[in-house]
$ cat entry16.txt   # compact mmCIF, C-alpha atoms
# COMPACT_ATOMS: atom_id res chain seq x y z
CA MET A 1 -74.46 -103.97 14.12
CA THR A 2 -73.18 -107.26 12.66
CA ALA A 3 -73.71 -107.99 8.98
CA PRO A 4 -77.19 -109.49 8.44
CA ARG A 5 -77.28 -113.06 7.18
CA GLN A 6 -79.63 -113.83 4.32
CA VAL A 7 -81.40 -117.18 4.71
CA ILE A 8 -83.06 -118.29 1.47
CA PRO A 9 -85.24 -121.44 1.26
CA GLY A 10 -83.66 -124.33 -0.61
CA THR A 11 -80.04 -123.22 -0.19
CA THR A 12 -77.29 -125.80 0.27
CA TYR A 13 -74.55 -124.92 2.77
CA LEU A 14 -71.18 -125.98 4.09
CA VAL A 15 -71.57 -125.55 7.87
CA THR A 16 -68.56 -125.46 10.19
CA ARG A 17 -68.16 -124.99 13.95
CA ARG A 18 -64.97 -125.16 16.06
CA CYS A 19 -64.49 -126.16 19.70
CA SER A 20 -63.36 -123.65 22.31
CA GLN A 21 -59.62 -122.91 22.20
CA ARG A 22 -59.28 -125.60 19.51
CA GLN A 23 -59.40 -128.29 22.21
CA PHE A 24 -60.14 -131.89 21.26
CA LEU A 25 -63.52 -131.84 23.00
CA LEU A 26 -65.04 -133.94 20.20
CA ARG A 27 -62.27 -136.53 20.23
CA PRO A 28 -63.73 -139.72 18.74
CA SER A 29 -65.21 -142.28 21.09
CA GLU A 30 -68.25 -144.51 20.93
CA LEU A 31 -70.18 -142.12 23.18
CA THR A 32 -69.07 -138.92 21.40
CA ASN A 33 -70.05 -140.39 18.04
CA GLN A 34 -73.39 -141.52 19.46
CA ILE A 35 -74.20 -138.13 20.98
CA PHE A 36 -73.40 -136.12 17.86
CA LEU A 37 -75.21 -138.46 15.46
CA TYR A 38 -78.27 -138.65 17.74
CA VAL A 39 -78.56 -134.86 18.00
CA LEU A 40 -77.87 -134.38 14.29
CA ALA A 41 -80.68 -136.82 13.45
CA LEU A 42 -83.07 -135.04 15.83
CA ALA A 43 -82.16 -131.61 14.45
CA SER A 44 -82.57 -132.77 10.85
CA ALA A 45 -86.05 -134.16 11.55
CA ARG A 46 -87.15 -131.22 13.71
CA PHE A 47 -86.21 -128.48 11.24
CA GLY A 48 -86.51 -130.31 7.94
CA VAL A 49 -82.83 -129.82 7.07
CA LEU A 50 -81.44 -132.39 4.61
CA VAL A 51 -78.00 -133.84 5.39
CA HIS A 52 -75.68 -134.83 2.55
CA ALA A 53 -72.25 -135.25 4.16
CA PHE A 54 -70.63 -134.86 7.56
CA CYS A 55 -67.29 -135.22 9.30
CA VAL A 56 -66.70 -134.63 13.01
CA LEU A 57 -63.03 -134.09 13.84
CA SER A 58 -61.67 -133.79 17.37
CA ASN A 59 -62.00 -130.01 17.53
CA HIS A 60 -64.48 -129.05 14.81
CA PHE A 61 -67.12 -130.40 12.48
CA HIS A 62 -68.24 -129.91 8.90
CA LEU A 63 -71.71 -130.56 7.48
CA VAL A 64 -73.09 -130.20 3.97
CA VAL A 65 -76.83 -129.63 4.25
CA THR A 66 -79.80 -128.21 2.35
CA ASP A 67 -82.29 -125.94 4.11
CA PRO A 68 -85.68 -126.25 2.30
CA ASP A 69 -87.64 -124.03 4.72
CA ALA A 70 -85.06 -121.36 5.65
CA ARG A 71 -84.59 -122.70 9.19
CA LEU A 72 -80.82 -123.20 9.20
CA PRO A 73 -80.12 -120.83 12.16
CA ALA A 74 -82.62 -122.69 14.37
CA PHE A 75 -81.18 -126.03 13.21
CA GLY A 76 -77.66 -124.87 14.08
CA GLN A 77 -78.65 -123.49 17.46
CA TYR A 78 -80.42 -126.74 18.40
CA LEU A 79 -77.52 -128.92 17.25
CA ASP A 80 -74.80 -126.84 18.90
CA SER A 81 -76.69 -126.40 22.16
CA LEU A 82 -77.57 -130.05 22.74
CA VAL A 83 -74.16 -131.36 21.66
CA ALA A 84 -72.40 -128.84 23.92
CA ARG A 85 -74.55 -129.59 26.97
CA ALA A 86 -74.33 -133.37 26.56
CA MET A 87 -70.57 -133.35 25.94
CA ASN A 88 -69.90 -131.01 28.86
CA ILE A 89 -71.72 -133.45 31.14
CA GLU A 90 -69.60 -136.33 29.87
CA LEU A 91 -66.35 -134.33 30.14
CA GLY A 92 -67.16 -132.89 33.55
CA ARG A 93 -66.84 -129.31 32.41
CA CYS A 94 -69.09 -126.25 32.41
CA GLU A 95 -67.22 -123.74 30.26
CA SER A 96 -68.20 -122.68 26.75
CA PHE A 97 -67.94 -125.65 24.43
CA TRP A 98 -67.80 -123.78 21.11
CA SER A 99 -65.38 -121.06 20.12
CA PRO A 100 -67.13 -117.67 19.78
CA GLN A 101 -67.64 -116.46 16.22
CA SER A 102 -66.45 -119.82 14.85
CA TYR A 103 -69.80 -120.64 13.21
CA SER A 104 -69.66 -120.55 9.43
CA ALA A 105 -72.37 -121.27 6.86
CA VAL A 106 -71.19 -120.95 3.26
CA ALA A 107 -73.95 -120.99 0.64
CA LEU A 108 -73.04 -123.33 -2.24
CA LEU A 109 -74.35 -121.84 -5.47
CA ASP A 110 -73.99 -124.65 -7.98
CA PRO A 111 -73.72 -128.46 -8.13
CA LEU A 112 -69.94 -128.36 -8.70
CA ALA A 113 -69.47 -126.31 -5.54
CA VAL A 114 -71.67 -128.75 -3.61
CA VAL A 115 -69.58 -131.72 -4.75
CA ASP A 116 -66.30 -129.91 -4.06
CA LYS A 117 -67.28 -128.86 -0.51
CA ALA A 118 -68.72 -132.30 0.28
CA ALA A 119 -65.42 -133.84 -0.83
CA TYR A 120 -63.52 -131.22 1.18
CA THR A 121 -65.58 -132.23 4.21
CA LEU A 122 -64.84 -135.93 3.83
CA ALA A 123 -61.15 -135.38 3.05
CA ASN A 124 -60.66 -133.24 6.17
CA PRO A 125 -59.06 -136.00 8.30
CA VAL A 126 -56.47 -136.53 5.56
CA ALA A 127 -55.82 -132.83 5.01
CA ALA A 128 -55.29 -132.46 8.77
CA GLY A 129 -52.61 -135.19 8.71
CA LEU A 130 -54.60 -137.57 10.90
CA VAL A 131 -55.29 -140.61 8.69
CA ARG A 132 -54.36 -141.57 5.12
CA ARG A 133 -57.99 -142.02 4.03
CA GLY A 134 -61.13 -140.35 5.30
CA ARG A 135 -62.84 -143.70 5.81
CA ASP A 136 -60.08 -144.61 8.30
CA TRP A 137 -61.21 -141.80 10.62
CA PRO A 138 -62.56 -143.30 13.90
CA GLY A 139 -65.01 -140.43 14.44
CA LEU A 140 -68.24 -139.64 12.61
CA TRP A 141 -67.68 -139.69 8.86
CA SER A 142 -70.25 -140.26 6.14
CA SER A 143 -69.10 -142.33 3.19
CA PRO A 144 -70.43 -141.54 -0.29
CA GLU A 145 -71.89 -145.05 -0.41
CA GLN A 146 -74.21 -144.20 2.48
CA ILE A 147 -76.16 -141.69 0.39
CA GLY A 148 -79.77 -142.91 0.34
CA SER A 149 -79.40 -144.97 3.50
CA LYS A 150 -80.86 -144.40 6.97
CA LEU A 151 -78.50 -144.24 9.93
CA ARG A 152 -80.11 -145.37 13.18
CA VAL A 153 -78.74 -144.40 16.58
CA SER A 154 -80.08 -145.17 20.05
CA ARG A 155 -80.56 -142.49 22.68
CA PRO A 156 -77.27 -141.82 24.55
CA PRO A 157 -77.29 -142.29 28.33
CA ARG A 158 -77.14 -139.71 31.14
CA PHE A 159 -77.96 -136.32 29.61
CA PHE A 160 -80.83 -137.46 27.38
CA ARG A 161 -83.76 -138.47 29.56
CA ALA A 162 -86.21 -141.11 28.42
CA LYS A 163 -89.13 -138.75 29.04
CA GLY A 164 -89.55 -136.57 25.98
CA MET A 165 -86.55 -137.94 24.02
CA PRO A 166 -87.02 -140.79 21.53
CA ASP A 167 -85.37 -144.14 22.16
CA GLU A 168 -83.94 -144.00 18.65
CA ALA A 169 -83.22 -141.31 16.09
CA VAL A 170 -82.91 -141.89 12.35
CA LEU A 171 -80.83 -139.78 9.98
CA GLU A 172 -81.33 -140.25 6.26
CA LEU A 173 -78.40 -139.20 4.11
CA THR A 174 -79.67 -137.77 0.85
CA ALA A 175 -78.26 -136.44 -2.38
CA PRO A 176 -78.57 -132.65 -2.72
CA PRO A 177 -81.73 -131.48 -4.53
CA SER A 178 -79.56 -130.11 -7.35
CA PHE A 179 -78.86 -133.74 -8.32
CA LEU A 180 -81.88 -135.57 -9.71
CA ASP A 181 -79.84 -138.79 -9.87
CA SER A 182 -78.41 -139.88 -6.50
CA ALA A 183 -76.05 -142.32 -8.19
CA GLU A 184 -74.53 -139.48 -10.21
CA PHE A 185 -73.91 -137.47 -7.04
CA VAL A 186 -72.25 -140.49 -5.41
CA ARG A 187 -70.06 -140.99 -8.51
CA GLN A 188 -68.97 -137.35 -8.64
CA LEU A 189 -68.42 -137.14 -4.89
CA SER A 190 -66.32 -140.33 -4.82
CA HIS A 191 -64.13 -139.06 -7.66
CA CYS A 192 -63.70 -135.60 -6.12
CA LEU A 193 -62.91 -137.16 -2.73
CA ASP A 194 -60.14 -139.24 -4.32
CA VAL A 195 -58.71 -136.03 -5.82
CA HIS A 196 -58.81 -134.13 -2.52
CA GLU A 197 -57.27 -137.01 -0.58
CA GLY A 198 -54.61 -137.57 -3.25
CA ARG A 199 -53.54 -133.93 -3.07
CA ALA A 200 -53.36 -134.07 0.73
CA ILE A 201 -51.23 -137.25 0.64
CA LEU A 202 -48.85 -135.73 -1.92
CA ALA A 203 -48.53 -132.55 0.16
CA ALA A 204 -47.75 -134.57 3.30
CA THR A 205 -45.18 -136.69 1.46
CA ALA A 206 -43.48 -133.63 -0.03
CA ALA A 207 -43.24 -132.05 3.42
CA GLY A 208 -41.96 -135.24 5.02
CA ARG A 209 -44.93 -135.48 7.38
CA GLU A 210 -46.28 -138.75 8.75
CA PHE A 211 -49.98 -139.33 9.40
CA LEU A 212 -50.86 -139.50 13.09
CA GLY A 213 -53.01 -142.60 12.73
CA ALA A 214 -56.35 -143.57 14.28
CA GLU A 215 -54.83 -145.27 17.33
CA GLN A 216 -52.87 -142.17 18.31
CA VAL A 217 -55.94 -139.99 17.77
CA LEU A 218 -57.90 -142.11 20.25
CA ARG A 219 -55.13 -141.72 22.85
CA GLN A 220 -55.34 -137.93 22.85
CA SER A 221 -56.90 -136.09 25.75
CA PRO A 222 -59.98 -133.89 25.17
CA THR A 223 -58.06 -131.02 26.81
CA GLN A 224 -55.25 -131.22 24.26
CA ARG A 225 -55.10 -128.97 21.22
CA PRO A 226 -53.04 -128.90 18.02
CA VAL A 227 -49.39 -128.04 18.55
CA ASP A 228 -49.32 -125.74 15.53
CA ARG A 229 -50.57 -122.20 15.98
CA GLU A 230 -53.60 -121.35 13.89
CA ALA A 231 -53.14 -118.46 11.49
CA PRO A 232 -55.54 -115.55 12.08
CA ARG A 233 -58.66 -115.87 9.95
CA SER A 234 -58.83 -113.05 7.45
CA LEU A 235 -61.80 -114.29 5.42
CA ASN A 236 -65.23 -115.54 6.40
CA PRO A 237 -66.91 -116.32 3.09
CA ARG A 238 -70.70 -116.36 2.83
CA LEU A 239 -70.92 -118.19 -0.50
CA ALA A 240 -68.96 -120.42 -2.87
CA SER A 241 -69.26 -121.23 -6.56
CA MET A 242 -67.04 -122.82 -9.18
CA ASP A 243 -68.48 -120.29 -11.66
CA LYS A 244 -66.78 -116.87 -11.34
CA TRP A 245 -69.68 -114.93 -12.86
CA LYS A 246 -72.29 -116.71 -10.79
CA ARG A 247 -70.26 -115.91 -7.69
CA LEU A 248 -69.99 -112.22 -8.62
CA GLU A 249 -73.72 -112.05 -9.35
CA ALA A 250 -74.49 -113.61 -5.96
CA LEU A 251 -72.15 -111.18 -4.20
CA ASN A 252 -73.99 -108.28 -5.81
CA ARG A 253 -77.33 -109.69 -4.66
CA LEU A 254 -75.92 -110.05 -1.16
CA LYS A 255 -74.83 -106.40 -1.18
CA GLU A 256 -78.32 -105.37 -2.30
CA PHE A 257 -79.85 -107.46 0.50
CA SER A 258 -77.56 -105.87 3.10
CA ALA A 259 -78.39 -102.36 1.92
CA ALA A 260 -82.15 -103.05 1.91
CA TYR A 261 -81.93 -104.69 5.34
CA ARG A 262 -80.09 -101.76 6.90
CA SER A 263 -82.57 -99.31 5.40
CA ALA A 264 -85.51 -101.29 6.79
CA TRP A 265 -83.78 -101.67 10.16
CA SER A 266 -83.23 -97.91 10.40
CA ARG A 267 -86.91 -97.27 9.80
CA PHE A 268 -87.92 -100.02 12.24
CA ARG A 269 -85.80 -98.42 14.96
CA THR A 270 -87.69 -95.16 14.54
CA GLY A 271 -90.98 -96.94 15.26
CA VAL A 272 -92.18 -97.74 11.75
CA ARG A 273 -93.73 -101.20 12.20
CA ASP A 274 -95.14 -101.75 8.71
CA VAL A 275 -91.72 -101.56 7.08
CA VAL A 276 -91.00 -104.48 4.72
CA PHE A 277 -87.65 -106.24 5.17
CA PRO A 278 -85.95 -107.90 2.18
CA SER A 279 -86.52 -111.54 1.30
CA GLY A 280 -84.19 -113.80 3.26
CA THR A 281 -84.42 -111.83 6.51
CA TYR A 282 -84.33 -114.31 9.38
CA TRP A 283 -83.82 -112.91 12.88
CA MET A 284 -86.17 -109.94 12.61
CA ARG A 285 -88.81 -112.20 11.06
CA VAL A 286 -88.52 -114.74 13.89
CA ALA A 287 -88.04 -112.38 16.83
CA PHE A 288 -90.36 -109.51 15.82
CA ARG A 289 -92.50 -111.08 13.08
CA VAL A 290 -91.71 -108.24 10.68
CA ARG A 291 -93.10 -108.28 7.16
CA CYS A 292 -90.73 -109.58 4.50
CA ALA A 293 -90.74 -109.39 0.74
CA GLY A 294 -91.62 -112.50 -1.23
CA ALA A 295 -92.81 -115.66 0.48
CA ASP A 296 -90.95 -115.15 3.77
CA GLU A 297 -94.08 -114.04 5.60
CA ALA A 298 -95.63 -117.47 5.16
CA MET A 299 -92.56 -119.23 6.62
CA MET A 300 -92.71 -118.30 10.30
CA PRO A 301 -90.76 -120.95 12.27
CA THR A 302 -92.82 -122.80 14.87
CA GLY A 303 -90.10 -124.51 16.89

$ encode --input "entry16.txt" --output "structure tokens"
Amino acid sequence: MTAPRQVIPGTTYLVTRRCSQRQFLLRPSELTNQIFLYVLALASARFGVLVHAFCVLSNHFHLVVTDPDARLPAFGQYLDSLVARAMNIELGRCESFWSPQSYSAVALLDPLAVVDKAAYTLANPVAAGLVRRGRDWPGLWSSPEQIGSKLRVSRPPRFFRAKGMPDEAVLELTAPPSFLDSAEFVRQLSHCLDVHEGRAILAATAAGREFLGAEQVLRQSPTQRPVDREAPRSLNPRLASMDKWKRLEALNRLKEFSAAYRSAWSRFRTGVRDVVFPSGTYWMRVAFRVRCAGADEAMMPTG
């Protein structure tokens, strides 16, 4: 049994997904950018997930989002499925688009962690040695100045049929709910982004590495992959906080959730159907409509 994932309403996350075999299946192009933004806008509207920052690199993407109604898994499944199917059509392939077990959703526990991970997201093209500034990236990249604006994208051709799919999708970039003042979030994010990019530039200079550049990125083939070998992943964090004690407290709550979930699951397997699962239970609530502690029972997803 895999570790249960707790999905709490109102949580802000750093979401990451990687392409199969690290291939450049999301290499920037006008059509790739259009497909991803269109599906992201549809998913955001359909599941009520708020989008704060995004960056789509050639072989993975990062999003910073808030999940008001505890529907992040459905949002992720919709986004990943439609992007994969549409891109496979365009690339003439039928294999798995996403790398198995590459999905990551890190809960961000405080405003400082939200700013830091949003800046990390936007500095990713620089940290990867691709361009000197994130805003030079030719793929999808949300600038801090776009917070509060609405991004409009027309329906991509071929895969998305006119019947049942809107001609246009609109994605509104918002400040996280933990920031009452959008301008303050933009200010902090811009400053933190400068810090992240500055560190990446210094590291590249010290190592004698040149940035690949946008033109060279666009020349790459979708079947290519990075020449460097990826180190085995030893950690898959579930949460992040700039406050040590807040992080430890959250880890303890997560342990308590896991223990309560496993206890309820054991009873459910024996045929006890009135067992109450802990607050934050997602899959059992959606698939079997089990009872959950707190307000979860009133939050049954509808689509």

$ closest_residue --input "entry16.txt" --among "A:Glu249, A:Pro111, A:Asp67, A:Phe277" --to "Glu184 of chain A" --atoms "all atoms listed in the file"
A:Pro111

$ closest_residue --input "entry16.txt" --among "A:Arg238, A:Arg85, A:Arg46, A:Arg27" --to "Arg71 of chain A" --atoms "all atoms listed in the file"
A:Arg46

$ atom_distance --input "entry16.txt" --atom1 "atom CA of Asn124 of chain A" --atom2 "atom CA of Ser241 of chain A"
19.5 Å

$ closest_atom_pairs --input "entry16.txt" --of "segment 30-103 of chain A" --to "segment 215-230 of chain A" --cutoff "9 Å" --atoms "all atoms listed in the file" --output "Markdown table"
| residue | atom | partner | partner_atom | distance |
| --- | --- | --- | --- | --- |
| A:Ser58 | CA | A:Pro222 | CA | 8.0 |
| A:Asn59 | CA | A:Arg225 | CA | 7.9 |
| A:Leu91 | CA | A:Pro222 | CA | 8.1 |

$ write_last_selection --input "entry16.txt" --atoms "C-alpha atoms" --output "PDB file, keeping the file's coordinate frame"
ATOM      1  CA  SER A  58     -61.670-133.790  17.370  1.00  0.00           C
ATOM      2  CA  ASN A  59     -62.000-130.010  17.530  1.00  0.00           C
ATOM      3  CA  LEU A  91     -66.350-134.330  30.140  1.00  0.00           C
TER       4      LEU A  91
END

$ residues_around --input "entry16.txt" --residues "segment 283-294 of chain A" --least-positions-apart "3" --cutoff "9 Å" --atoms "only C-alpha atoms" --output "VMD selection string"
chain A and resid 4 to 5 73 265 273 to 280 297 300 to 301

$ atom_distance --input "entry16.txt" --atom1 "atom CA of Gln77 of chain A" --atom2 "atom CA of Gly134 of chain A"
27.2 Å

$ closest_residue --input "entry16.txt" --among "A:Ala119, A:Val56, A:Ala259, A:Ala74" --to "Phe185 of chain A" --atoms "only C-alpha atoms"
A:Ala119
